[in-house]
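S.K.: Can you read through this structure? Questions will come right after.
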Amino acid sequence: MRKIFALLFVLSLTSFTKSNEQDIKRILTSGKWFVESVQESGQEPEMSSNKNDEWIVFHAEGKLEESLYGEVTNSEWEYSDKEKSIKVVGDDIVFKKIIEISEDKLTIELIEDVNNKEDVIMINYTK
């Protein structure tokens, strides 16, 4: 009897994890995310004067569109539930760790290697 309960418990955890991953993908692909704020090494860098020029769109089929300073780039993305991160493949490969996600808010962390010195960038998006 204990084996049956243990098996049911493991199956429910697996189901929950898969459901959680599907929920995150659904939220990510639910529309256009606009940059609300950016912090780079604790300071806010200069952004476009029109915040509507700064956005990102995750498409369900793995395509990604991103606009910075009004210039749109196209990449591919995939979500890793294990690392809670988004791998973006374009000219470079970038990993965006999800810090917070809800229906209308997304906070990610990027770690860049700038001249052999890590630079942490926090980006807050809203719908």
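By order of appearance in the structure tokens: chains A, B, ..., then residues from 1 within every chain, and ligands from 1 in the order shown.
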Report as a VMD selection string all protein, DNA and RNA residues lying within 12 Å of Ser85 of chain A, evaluated on only C-alpha atoms, omitting residues in the same chain fewer than 3 positions from it.
M.R.: chain A and resid 21 24 to 25 28 77 to 82 88 94 to 101 107 to 111
S.K.: Need to verify the contact set: Asn124 of chain A, 8 Å, only C-alpha atoms, exclusion of same-chain residues closer than 5 positions in sequence. Can you return it as a list in words?
M.R.: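 These residues fall inside the cut-off: Val35, Glu36, Ser37, Val38, Lys105, Leu106, Thr107 and Ile108 of chain A.
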S.K.: Just checking: using only C-alpha atoms, which residue out of A:Lys32, A:Asn52, A:Lys84, A:Gly90 ends up closest to Tyr69 of chain A?
M.R.: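 The shortest atom-to-atom distance to Tyr69 of chain A comes from A:Asn52.
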S.K.: Using only C-alpha atoms, which residues sit within 10 Å of Ile93 of chain A once same-chain residues fewer than 6 positions away are excluded, as a PyMOL selection string?
M.R.: chain A and resi 75-77+87
S.K.: Put those residues in a file: N, CA and C atoms, as a PDB file, in the first residue's frame.
M.R.:
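The result, stored in result.pdb:
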ATOM      1  N   SER A  75      14.998  36.202 -32.951  1.00  0.00           N
ATOM      2  CA  SER A  75      15.805  35.118 -32.403  1.00  0.00           C
ATOM      3  C   SER A  75      14.908  33.910 -32.201  1.00  0.00           C
ATOM      4  N   GLU A  76      15.473  32.890 -31.590  1.00  0.00           N
ATOM      5  CA  GLU A  76      14.708  31.721 -31.170  1.00  0.00           C
ATOM      6  C   GLU A  76      14.876  31.561 -29.674  1.00  0.00           C
ATOM      7  N   TRP A  77      13.864  30.973 -29.022  1.00  0.00           N
ATOM      8  CA  TRP A  77      13.934  30.801 -27.574  1.00  0.00           C
ATOM      9  C   TRP A  77      13.423  29.428 -27.176  1.00  0.00           C
ATOM     10  N   LYS A  87      16.550  30.350 -22.801  1.00  0.00           N
ATOM     11  CA  LYS A  87      17.737  30.379 -23.655  1.00  0.00           C
ATOM     12  C   LYS A  87      17.341  31.076 -24.950  1.00  0.00           C
TER      13      LYS A  87
END
